[in-house]
Amino acid sequence: MGTTTETQAFAQRLRRALEVCAVRVSPTVVANEFNLRYWGEGISSHAARNWLMGVSIPKQDKLLVLSKWLKISPE
């Protein structure tokens with residue numbers, strides 16, 4: 001977990017990256033698409049919602065999957 005400012009900034013960058021890739025900014029869509037690409041236990045729509053709303057930031061392994069999927073830097 002990060003500070004509120006960090007989590008809000010992450011959420012904003014995630015939403016922007018989804019829009020650039022023409023992926024609907026929806027917790028269900030994000031969770032389903034993410035789970036297709038993730039090798040471990042998938043995420044719930046609730047977890048994706050927390051990412052999109054700036055409540056939480058994914059752990060490093062999930063950030064790497066997001067960055068590859070959306071073709072953005074993991075930073």
# chains A, B, ... in the order shown; residues from 1 in each chain; ligands from 1
>>> residues_around(residues="Ser45 (chain A)", least_positions_apart="4", cutoff="6 Å", atoms="only C-alpha atoms", output="MDAnalysis selection string")
chainID A and resid 27:28 31
>>> residues_around(residues="region 49-53 of chain A", least_positions_apart="6", cutoff="12 Å", atoms="only C-alpha atoms", output="PyMOL selection string")
chain A and resi 1-2+4-18+24-31+43+59+62-63+66
>>> select_by_dssp(residues="chain A", states="alpha helix (DSSP H)", output="PyMOL selection string")
chain A and resi 4-20+27-37+45-53+60-70
>>> closest_residue(among="A:Glu75, A:Ser44, A:Glu19, A:Glu33", to="Gln60 (chain A)", atoms="only C-alpha atoms")
A:Glu75
>>> residues_around(residues="Val65 (chain A)", least_positions_apart="5", cutoff="10 Å", atoms="only C-alpha atoms", output="list in words")
Phe34, Asn35, Arg37, Tyr38, Trp39, Gln60, Leu70, Lys71 and Pro74 of chain A
>>> write_last_selection(atoms="C-alpha atoms", output="JSON list (two decimals), in the first residue's frame")
[["chain", "number", "residue", "atom", "x", "y", "z"],
["A", 34, "PHE", "CA", -5.57, -9.32, -16.29],
["A", 35, "ASN", "CA", -6.41, -12.87, -15.22],
["A", 37, "ARG", "CA", -2.28, -12.91, -18.55],
["A", 38, "TYR", "CA", -1.38, -13.61, -14.92],
["A", 39, "TRP", "CA", 0.27, -16.93, -14.01],
["A", 60, "GLN", "CA", 5.29, -5.91, -8.05],
["A", 70, "LEU", "CA", -0.70, -2.23, -21.54],
["A", 71, "LYS", "CA", 2.77, -1.71, -23.06],
["A", 74, "PRO", "CA", 6.24, -0.67, -14.69]]
